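**Q** I have a structure here, written as structure tokens, and I will follow up with some questions on it.
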Amino acid sequence: MDCIFCRIAGGEIPATPLYRDDDVLAIADINPQAPTHLLVMPIAHHANIGALSDAADAALTAKLFAVASQLGRERGANGYRLVMNTGADGGQTVDHLHVHVLAGRPLGWPPG
Ligand code: AMP
Ligand code: ZN
């Protein structure tokens, strides 16, 4: 399987970690949609939130959200948004689960 985020998590593709532990990695999005645009992902490959739910790894799920909300809180003084695009209609382009952390400007709704 050729997964770009597995390659980043494995160090094969360089990226600056904004947070890393044994389970979770956060990096800056290469194509930022807001002044703060980070991606928080599990090191282990799960295609999307449904796959992680199927794996029933509650600790990893909790940590993913804890890290994402902590980064949002630190960088979004006026608020932030966590997004998980899932599947084709959800706008997912990389099939390795990641939480977008967006902050630094008022974010429109609905998202499109
Ligand atoms: P999604 O479309 O929700 O699957 O999000 C994938 C995100 O990954 C997009 O916002 C891309 O800009 C971002 N992305 C793709 N390749 C890289 C990379 N090498 N480093 C950082 N972000 C990336
Ligand atoms: Zn992967």
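Numbering starts fresh at 1 for the residues of each chain in the structure tokens, the chains themselves are lettered A, B, ... in the order given, and ligands are numbered from 1 as they appear.
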If the limit is 12 Å from any atom of ligand 2, counting only C-alpha atoms and all ligand atoms, which residues qualify? Return them as a PyMOL selection string.

**A** chain A and resi 1-10+25+41-48+51+94-98

**Q** For the selection just defined, write its residues with N, CA, C and O atoms to a file, as a short mmCIF file (atom, residue, chain, number, x, y, z; two decimals), in the first residue's frame.

**A**
```cif
data_model
loop_
_atom_site.label_atom_id
_atom_site.label_comp_id
_atom_site.auth_asym_id
_atom_site.auth_seq_id
_atom_site.Cartn_x
_atom_site.Cartn_y
_atom_site.Cartn_z
N MET A 1 0.84 -1.19 0.00
CA MET A 1 0.00 0.00 0.00
C MET A 1 0.88 1.25 0.00
O MET A 1 1.80 1.36 0.81
N ASP A 2 0.60 2.15 -0.91
CA ASP A 2 1.38 3.38 -0.98
C ASP A 2 0.54 4.51 -0.39
O ASP A 2 -0.33 5.04 -1.06
N CYS A 3 0.81 4.84 0.85
CA CYS A 3 0.02 5.87 1.54
C CYS A 3 0.94 7.02 1.92
O CYS A 3 1.92 6.83 2.66
N ILE A 4 0.62 8.21 1.43
CA ILE A 4 1.52 9.35 1.65
C ILE A 4 1.64 9.69 3.14
O ILE A 4 2.73 10.04 3.61
N PHE A 5 0.56 9.55 3.90
CA PHE A 5 0.66 9.90 5.32
C PHE A 5 1.40 8.82 6.12
O PHE A 5 2.08 9.15 7.09
N CYS A 6 1.31 7.56 5.69
CA CYS A 6 2.17 6.53 6.30
C CYS A 6 3.63 6.84 6.01
O CYS A 6 4.50 6.66 6.88
N ARG A 7 3.91 7.32 4.82
CA ARG A 7 5.30 7.64 4.48
C ARG A 7 5.79 8.85 5.27
O ARG A 7 6.95 8.90 5.68
N ILE A 8 4.92 9.81 5.50
CA ILE A 8 5.29 10.96 6.35
C ILE A 8 5.49 10.49 7.79
O ILE A 8 6.50 10.81 8.43
N ALA A 9 4.55 9.69 8.30
CA ALA A 9 4.66 9.22 9.69
C ALA A 9 5.90 8.35 9.88
O ALA A 9 6.51 8.36 10.95
N GLY A 10 6.30 7.64 8.82
CA GLY A 10 7.47 6.78 8.89
C GLY A 10 8.77 7.51 8.63
O GLY A 10 9.84 6.91 8.68
N LEU A 25 0.42 12.07 15.17
CA LEU A 25 1.33 13.05 14.56
C LEU A 25 0.50 14.24 14.06
O LEU A 25 -0.57 14.05 13.48
N MET A 41 -3.10 13.14 12.69
CA MET A 41 -3.36 11.78 12.17
C MET A 41 -2.81 10.73 13.13
O MET A 41 -1.83 10.98 13.83
N PRO A 42 -3.45 9.55 13.11
CA PRO A 42 -2.83 8.45 13.84
C PRO A 42 -1.60 7.98 13.08
O PRO A 42 -1.56 8.04 11.85
N ILE A 43 -0.58 7.52 13.80
CA ILE A 43 0.60 6.94 13.14
C ILE A 43 0.17 5.66 12.39
O ILE A 43 0.61 5.43 11.27
N ALA A 44 -0.67 4.87 13.03
CA ALA A 44 -1.16 3.63 12.40
C ALA A 44 -2.13 3.99 11.28
O ALA A 44 -2.89 4.95 11.38
N HIS A 45 -2.11 3.19 10.22
CA HIS A 45 -2.99 3.48 9.11
C HIS A 45 -4.42 3.04 9.41
O HIS A 45 -4.68 1.87 9.65
N HIS A 46 -5.33 4.01 9.38
CA HIS A 46 -6.77 3.75 9.35
C HIS A 46 -7.30 4.63 8.23
O HIS A 46 -6.97 5.82 8.16
N ALA A 47 -8.11 4.07 7.34
CA ALA A 47 -8.50 4.81 6.14
C ALA A 47 -9.35 6.03 6.47
O ALA A 47 -9.22 7.08 5.83
N ASN A 48 -10.20 5.90 7.47
CA ASN A 48 -11.11 7.01 7.80
C ASN A 48 -11.67 6.76 9.20
O ASN A 48 -11.34 5.76 9.85
N ALA A 51 -13.26 3.36 9.76
CA ALA A 51 -12.30 2.25 9.94
C ALA A 51 -11.75 2.26 11.35
O ALA A 51 -11.58 1.21 11.98
N VAL A 94 -6.98 12.03 0.76
CA VAL A 94 -5.93 11.15 1.28
C VAL A 94 -6.60 10.13 2.20
O VAL A 94 -7.18 10.51 3.23
N ASP A 95 -6.49 8.86 1.83
CA ASP A 95 -7.23 7.81 2.56
C ASP A 95 -6.44 7.29 3.75
O ASP A 95 -6.23 6.07 3.90
N HIS A 96 -5.96 8.21 4.55
CA HIS A 96 -5.36 7.91 5.86
C HIS A 96 -6.00 8.93 6.79
O HIS A 96 -5.81 10.15 6.60
N LEU A 97 -6.75 8.44 7.75
CA LEU A 97 -7.53 9.31 8.64
C LEU A 97 -6.71 10.51 9.14
O LEU A 97 -5.58 10.36 9.59
N HIS A 98 -7.31 11.68 9.03
CA HIS A 98 -6.67 12.88 9.56
C HIS A 98 -7.76 13.86 9.97
O HIS A 98 -8.82 13.92 9.33
#
```

**Q** Residues near region 105-107 of chain A, anyone? I mean within 12 Å using only C-alpha atoms, not counting same-chain ones fewer than 3 positions away, as a PDB file with C-alpha atoms, in the first residue's frame.

**A**
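Written file, out31.pdb:
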```
ATOM      1  CA  GLN A  33      -7.028  26.995   3.761  1.00  0.00           C
ATOM      2  CA  ALA A  34      -6.725  29.268   6.815  1.00  0.00           C
ATOM      3  CA  PRO A  35      -3.883  30.989   8.710  1.00  0.00           C
ATOM      4  CA  THR A  36      -3.742  27.857  10.855  1.00  0.00           C
ATOM      5  CA  HIS A  37      -4.326  24.623   8.974  1.00  0.00           C
ATOM      6  CA  ARG A  75      -3.872  28.545  17.854  1.00  0.00           C
ATOM      7  CA  GLY A  76      -7.456  29.733  17.576  1.00  0.00           C
ATOM      8  CA  ALA A  77      -7.990  32.464  20.138  1.00  0.00           C
ATOM      9  CA  ASN A  78     -11.429  33.172  18.647  1.00  0.00           C
ATOM     10  CA  GLY A  79     -12.318  29.576  17.906  1.00  0.00           C
ATOM     11  CA  TYR A  80     -11.375  26.817  15.531  1.00  0.00           C
ATOM     12  CA  ARG A  81     -12.846  24.034  13.447  1.00  0.00           C
ATOM     13  CA  LEU A  82     -12.083  20.315  13.365  1.00  0.00           C
ATOM     14  CA  VAL A  83     -12.990  18.542  10.124  1.00  0.00           C
ATOM     15  CA  VAL A 101      -7.543  21.889  12.465  1.00  0.00           C
ATOM     16  CA  LEU A 102      -8.547  25.238  10.958  1.00  0.00           C
ATOM     17  CA  PRO A 110     -22.133  25.645   5.203  1.00  0.00           C
ATOM     18  CA  PRO A 111     -18.716  24.473   4.036  1.00  0.00           C
ATOM     19  CA  GLY A 112     -19.776  23.705   0.452  1.00  0.00           C
TER      20      GLY A 112
END
```

**Q** Listing only residues of chain A within 6 Å of ligand 1, what is the closest atom pair and its distance in Å (to one decimal) for each, using only C-alpha atoms and all ligand atoms, sorted by chain and residue number ascending, as JSON lines?

**A**
```
{"residue": "A:Ala28", "atom": "CA", "partner": "ligand 1", "partner_atom_place_in_ligand_line": "21 (C)", "distance": 5.9}
{"residue": "A:Asp29", "atom": "CA", "partner": "ligand 1", "partner_atom_place_in_ligand_line": "22 (N)", "distance": 3.8}
{"residue": "A:Ile30", "atom": "CA", "partner": "ligand 1", "partner_atom_place_in_ligand_line": "22 (N)", "distance": 4.0}
{"residue": "A:Asn31", "atom": "CA", "partner": "ligand 1", "partner_atom_place_in_ligand_line": "12 (O)", "distance": 4.2}
{"residue": "A:Asn85", "atom": "CA", "partner": "ligand 1", "partner_atom_place_in_ligand_line": "3 (O)", "distance": 4.5}
{"residue": "A:Gly91", "atom": "CA", "partner": "ligand 1", "partner_atom_place_in_ligand_line": "2 (O)", "distance": 5.5}
{"residue": "A:Gln92", "atom": "CA", "partner": "ligand 1", "partner_atom_place_in_ligand_line": "4 (O)", "distance": 3.6}
{"residue": "A:Thr93", "atom": "CA", "partner": "ligand 1", "partner_atom_place_in_ligand_line": "4 (O)", "distance": 3.6}
{"residue": "A:Val94", "atom": "CA", "partner": "ligand 1", "partner_atom_place_in_ligand_line": "4 (O)", "distance": 3.9}
```

**Q** Write a file of the selected residues as a compact mmCIF listing (two decimals), in the first residue's frame, keeping N, CA, C and O atoms.

**A**
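Written output follows (out_20.txt):
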```txt
# COMPACT_ATOMS: atom_id res chain seq x y z
N ALA A 28 1.72 20.57 9.47
CA ALA A 28 1.04 21.65 8.76
C ALA A 28 0.54 21.13 7.43
O ALA A 28 1.22 20.35 6.75
N ASP A 29 -0.67 21.56 7.04
CA ASP A 29 -1.18 21.19 5.72
C ASP A 29 -0.35 21.91 4.65
O ASP A 29 -0.04 23.10 4.78
N ILE A 30 -0.03 21.19 3.59
CA ILE A 30 0.81 21.74 2.52
C ILE A 30 0.07 22.80 1.71
O ILE A 30 0.69 23.63 1.05
N ASN A 31 -1.24 22.80 1.78
CA ASN A 31 -2.07 23.74 1.00
C ASN A 31 -3.07 24.40 1.95
O ASN A 31 -4.27 24.12 1.91
N ASN A 85 -12.96 14.99 6.58
CA ASN A 85 -13.57 14.65 5.30
C ASN A 85 -13.52 13.13 5.14
O ASN A 85 -12.47 12.52 5.38
N GLY A 91 -15.27 14.65 0.40
CA GLY A 91 -14.13 15.45 -0.03
C GLY A 91 -12.78 14.91 0.42
O GLY A 91 -11.78 15.63 0.40
N GLN A 92 -12.74 13.63 0.80
CA GLN A 92 -11.48 13.06 1.27
C GLN A 92 -10.58 12.75 0.07
O GLN A 92 -11.00 12.08 -0.88
N THR A 93 -9.35 13.24 0.12
CA THR A 93 -8.40 12.99 -0.97
C THR A 93 -7.23 12.11 -0.54
O THR A 93 -6.54 11.57 -1.39
N VAL A 94 -6.98 12.03 0.76
CA VAL A 94 -5.93 11.15 1.28
C VAL A 94 -6.60 10.13 2.20
O VAL A 94 -7.18 10.51 3.23
```

**Q** Would you please extract all alpha helix (DSSP H) residues from chain A, as assigned by DSSP on the backbone, and give them as a compact mmCIF listing (two decimals) with all heavy atoms, in the first residue's frame?

**A**
```txt
# COMPACT_ATOMS: atom_id res chain seq x y z
N ILE A 4 0.62 8.21 1.43
CA ILE A 4 1.52 9.35 1.65
C ILE A 4 1.64 9.69 3.14
O ILE A 4 2.73 10.04 3.61
CB ILE A 4 1.06 10.57 0.81
CG1 ILE A 4 2.11 11.68 0.89
CG2 ILE A 4 -0.29 11.06 1.23
CD1 ILE A 4 1.90 12.80 -0.09
N PHE A 5 0.56 9.55 3.90
CA PHE A 5 0.66 9.90 5.32
C PHE A 5 1.40 8.82 6.12
O PHE A 5 2.08 9.15 7.09
CB PHE A 5 -0.72 10.20 5.91
CG PHE A 5 -1.29 11.54 5.46
CD1 PHE A 5 -2.57 11.93 5.84
CD2 PHE A 5 -0.56 12.41 4.67
CE1 PHE A 5 -3.11 13.15 5.44
CE2 PHE A 5 -1.08 13.64 4.25
CZ PHE A 5 -2.35 14.00 4.64
N CYS A 6 1.31 7.56 5.69
CA CYS A 6 2.17 6.53 6.30
C CYS A 6 3.63 6.84 6.01
O CYS A 6 4.50 6.66 6.88
CB CYS A 6 1.82 5.14 5.77
SG CYS A 6 0.37 4.40 6.55
N ARG A 7 3.91 7.32 4.82
CA ARG A 7 5.30 7.64 4.48
C ARG A 7 5.79 8.85 5.27
O ARG A 7 6.95 8.90 5.68
CB ARG A 7 5.42 7.88 2.96
CG ARG A 7 5.19 6.59 2.18
CD ARG A 7 5.11 6.83 0.68
NE ARG A 7 6.40 7.19 0.13
CZ ARG A 7 6.56 7.71 -1.10
NH1 ARG A 7 5.52 7.91 -1.88
NH2 ARG A 7 7.76 8.00 -1.54
N ILE A 8 4.92 9.81 5.50
CA ILE A 8 5.29 10.96 6.35
C ILE A 8 5.49 10.49 7.79
O ILE A 8 6.50 10.81 8.43
CB ILE A 8 4.22 12.07 6.26
CG1 ILE A 8 4.30 12.75 4.88
CG2 ILE A 8 4.40 13.09 7.39
CD1 ILE A 8 3.21 13.77 4.62
N ALA A 9 4.55 9.69 8.30
CA ALA A 9 4.66 9.22 9.69
C ALA A 9 5.90 8.35 9.88
O ALA A 9 6.51 8.36 10.95
CB ALA A 9 3.39 8.43 10.07
N ILE A 49 -12.56 7.64 9.65
CA ILE A 49 -13.06 7.52 11.02
C ILE A 49 -13.90 6.25 11.19
O ILE A 49 -13.92 5.65 12.28
CB ILE A 49 -13.84 8.79 11.45
CG1 ILE A 49 -14.18 8.76 12.94
CG2 ILE A 49 -15.08 9.01 10.59
CD1 ILE A 49 -12.99 8.73 13.87
N GLY A 50 -14.54 5.81 10.12
CA GLY A 50 -15.31 4.56 10.20
C GLY A 50 -14.40 3.37 10.44
O GLY A 50 -14.73 2.47 11.22
N ALA A 51 -13.26 3.36 9.76
CA ALA A 51 -12.30 2.25 9.94
C ALA A 51 -11.75 2.26 11.35
O ALA A 51 -11.58 1.21 11.98
CB ALA A 51 -11.17 2.37 8.92
N LEU A 52 -11.49 3.44 11.88
CA LEU A 52 -11.00 3.50 13.27
C LEU A 52 -12.10 3.06 14.24
O LEU A 52 -11.82 2.35 15.22
CB LEU A 52 -10.52 4.92 13.61
CG LEU A 52 -9.99 5.12 15.03
CD1 LEU A 52 -8.87 4.15 15.37
CD2 LEU A 52 -9.52 6.56 15.23
N SER A 53 -13.33 3.44 13.96
CA SER A 53 -14.44 2.98 14.80
C SER A 53 -14.57 1.47 14.75
O SER A 53 -14.77 0.81 15.77
CB SER A 53 -15.76 3.61 14.35
OG SER A 53 -15.74 4.98 14.54
N ASP A 54 -14.41 0.91 13.54
CA ASP A 54 -14.47 -0.54 13.39
C ASP A 54 -13.36 -1.22 14.19
O ASP A 54 -13.55 -2.32 14.72
CB ASP A 54 -14.36 -0.95 11.92
CG ASP A 54 -15.59 -0.59 11.11
OD1 ASP A 54 -16.62 -0.26 11.72
OD2 ASP A 54 -15.52 -0.63 9.87
N ALA A 55 -12.21 -0.56 14.25
CA ALA A 55 -11.09 -1.13 15.00
C ALA A 55 -11.31 -1.01 16.50
O ALA A 55 -10.61 -1.64 17.29
CB ALA A 55 -9.79 -0.44 14.60
N ALA A 58 -10.63 2.89 21.22
CA ALA A 58 -11.19 4.08 21.89
C ALA A 58 -10.09 5.01 22.38
O ALA A 58 -10.24 6.24 22.33
CB ALA A 58 -12.07 3.63 23.06
N ALA A 59 -8.98 4.44 22.83
CA ALA A 59 -7.89 5.28 23.34
C ALA A 59 -7.30 6.12 22.23
O ALA A 59 -7.03 7.32 22.41
CB ALA A 59 -6.83 4.40 23.99
N LEU A 60 -7.12 5.51 21.06
CA LEU A 60 -6.55 6.27 19.93
C LEU A 60 -7.53 7.34 19.46
O LEU A 60 -7.13 8.47 19.16
CB LEU A 60 -6.19 5.31 18.79
CG LEU A 60 -5.58 5.95 17.54
CD1 LEU A 60 -4.33 6.74 17.88
CD2 LEU A 60 -5.27 4.89 16.49
N THR A 61 -8.80 7.00 19.41
CA THR A 61 -9.82 7.98 19.01
C THR A 61 -9.80 9.17 19.96
O THR A 61 -9.81 10.33 19.53
CB THR A 61 -11.21 7.32 19.01
OG1 THR A 61 -11.17 6.16 18.19
CG2 THR A 61 -12.26 8.28 18.48
N ALA A 62 -9.75 8.89 21.23
CA ALA A 62 -9.74 9.96 22.23
C ALA A 62 -8.49 10.82 22.10
O ALA A 62 -8.55 12.05 22.17
CB ALA A 62 -9.84 9.36 23.63
N LYS A 63 -7.36 10.17 21.88
CA LYS A 63 -6.12 10.94 21.78
C LYS A 63 -6.11 11.84 20.54
O LYS A 63 -5.68 12.98 20.59
CB LYS A 63 -4.92 10.00 21.77
CG LYS A 63 -3.60 10.76 21.80
CD LYS A 63 -2.40 9.86 21.78
CE LYS A 63 -1.95 9.51 23.17
NZ LYS A 63 -0.65 8.81 23.14
N LEU A 64 -6.63 11.30 19.44
CA LEU A 64 -6.69 12.08 18.20
C LEU A 64 -7.47 13.38 18.44
O LEU A 64 -7.04 14.47 18.06
CB LEU A 64 -7.39 11.23 17.14
CG LEU A 64 -7.24 11.59 15.69
CD1 LEU A 64 -5.80 11.44 15.22
CD2 LEU A 64 -8.15 10.69 14.85
N PHE A 65 -8.62 13.27 19.09
CA PHE A 65 -9.43 14.45 19.35
C PHE A 65 -8.81 15.34 20.42
O PHE A 65 -8.92 16.57 20.36
CB PHE A 65 -10.86 14.05 19.73
CG PHE A 65 -11.70 13.69 18.54
CD1 PHE A 65 -11.94 12.38 18.21
CD2 PHE A 65 -12.22 14.69 17.72
CE1 PHE A 65 -12.68 12.05 17.10
CE2 PHE A 65 -12.96 14.36 16.60
CZ PHE A 65 -13.20 13.03 16.29
N ALA A 66 -8.16 14.75 21.38
CA ALA A 66 -7.52 15.55 22.43
C ALA A 66 -6.40 16.41 21.84
O ALA A 66 -6.28 17.60 22.14
CB ALA A 66 -6.97 14.65 23.54
N VAL A 67 -5.59 15.80 20.97
CA VAL A 67 -4.48 16.56 20.36
C VAL A 67 -5.03 17.62 19.42
O VAL A 67 -4.59 18.77 19.43
CB VAL A 67 -3.51 15.60 19.62
CG1 VAL A 67 -2.50 16.38 18.80
CG2 VAL A 67 -2.80 14.68 20.62
N ALA A 68 -6.03 17.26 18.61
CA ALA A 68 -6.59 18.22 17.66
C ALA A 68 -7.22 19.40 18.40
O ALA A 68 -7.00 20.57 18.04
CB ALA A 68 -7.62 17.54 16.77
N SER A 69 -7.98 19.15 19.44
CA SER A 69 -8.64 20.25 20.14
C SER A 69 -7.62 21.08 20.92
O SER A 69 -7.76 22.31 21.03
CB SER A 69 -9.75 19.74 21.06
OG SER A 69 -9.24 18.82 21.99
N GLN A 70 -6.57 20.45 21.42
CA GLN A 70 -5.53 21.21 22.12
C GLN A 70 -4.83 22.17 21.14
O GLN A 70 -4.62 23.35 21.45
CB GLN A 70 -4.52 20.26 22.76
CG GLN A 70 -3.38 20.94 23.50
CD GLN A 70 -3.86 21.78 24.67
OE1 GLN A 70 -4.90 21.50 25.26
NE2 GLN A 70 -3.13 22.84 24.99
N LEU A 71 -4.49 21.67 19.95
CA LEU A 71 -3.84 22.52 18.95
C LEU A 71 -4.78 23.64 18.53
O LEU A 71 -4.37 24.79 18.34
CB LEU A 71 -3.40 21.70 17.75
CG LEU A 71 -2.20 20.76 18.00
CD1 LEU A 71 -2.03 19.77 16.85
CD2 LEU A 71 -0.92 21.56 18.21
N GLY A 72 -6.08 23.33 18.36
CA GLY A 72 -7.04 24.35 18.00
C GLY A 72 -7.15 25.42 19.08
O GLY A 72 -7.17 26.62 18.79
N ARG A 73 -7.18 24.98 20.32
CA ARG A 73 -7.30 25.92 21.44
C ARG A 73 -6.08 26.84 21.51
O ARG A 73 -6.20 28.02 21.77
CB ARG A 73 -7.43 25.11 22.72
CG ARG A 73 -7.98 25.83 23.87
CD ARG A 73 -8.62 24.95 24.89
NE ARG A 73 -7.99 23.63 25.05
CZ ARG A 73 -8.41 22.73 25.93
NH1 ARG A 73 -9.42 22.99 26.71
NH2 ARG A 73 -7.83 21.58 26.04
N GLU A 74 -4.90 26.24 21.26
CA GLU A 74 -3.67 27.04 21.33
C GLU A 74 -3.59 28.07 20.21
O GLU A 74 -3.04 29.14 20.39
CB GLU A 74 -2.45 26.11 21.22
CG GLU A 74 -2.17 25.30 22.46
CD GLU A 74 -1.13 24.21 22.22
OE1 GLU A 74 -0.52 24.18 21.11
OE2 GLU A 74 -0.96 23.37 23.11
N ARG A 75 -4.10 27.70 19.03
CA ARG A 75 -3.87 28.55 17.85
C ARG A 75 -5.09 29.34 17.43
O ARG A 75 -4.99 30.22 16.59
CB ARG A 75 -3.40 27.67 16.69
CG ARG A 75 -1.96 27.24 16.91
CD ARG A 75 -1.69 25.91 16.24
NE ARG A 75 -0.45 25.33 16.75
CZ ARG A 75 0.72 25.42 16.15
NH1 ARG A 75 0.83 26.04 15.02
NH2 ARG A 75 1.79 24.88 16.69
N GLY A 87 -14.58 9.88 2.62
CA GLY A 87 -15.09 9.34 1.37
C GLY A 87 -15.19 10.40 0.28
O GLY A 87 -14.89 11.59 0.50
N ALA A 88 -15.59 9.96 -0.90
CA ALA A 88 -15.60 10.83 -2.07
C ALA A 88 -16.52 12.03 -1.88
O ALA A 88 -16.11 13.18 -2.07
CB ALA A 88 -16.01 10.04 -3.30
N ASP A 89 -17.77 11.80 -1.45
CA ASP A 89 -18.69 12.92 -1.25
C ASP A 89 -18.25 13.80 -0.09
O ASP A 89 -18.59 15.00 -0.06
CB ASP A 89 -20.12 12.41 -1.01
CG ASP A 89 -20.84 12.04 -2.31
OD1 ASP A 89 -20.20 12.14 -3.39
OD2 ASP A 89 -22.02 11.65 -2.24
N GLY A 90 -17.53 13.24 0.84
CA GLY A 90 -17.02 14.03 1.96
C GLY A 90 -15.80 14.86 1.61
O GLY A 90 -15.33 15.65 2.43
```

**Q** Which is closer to Met84 (chain A) than all the others in A:Val99, A:Leu18, A:Val40, A:Ile13, using only C-alpha atoms?

**A**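 Closest to Met84 (chain A) of all the choices is A:Val99.
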
**Q** Work out how far CA of Ile27 (chain A) is from CA of Gly11 (chain A), in Å to one decimal.

**A**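 Those two atoms sit 12.3 Å apart.
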
**Q** Per DSSP on the backbone, filter region 80-110 of chain A down to the residues in strand (DSSP E) and report them as a ChimeraX atom specification.

**A** /A:80-83,99-103

**Q** What is the CA of Val24 (chain A) to CA of Ala103 (chain A) distance in Å?

**A**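 Atom-to-atom, CA of Val24 (chain A) to CA of Ala103 (chain A), that is 20.1 Å.
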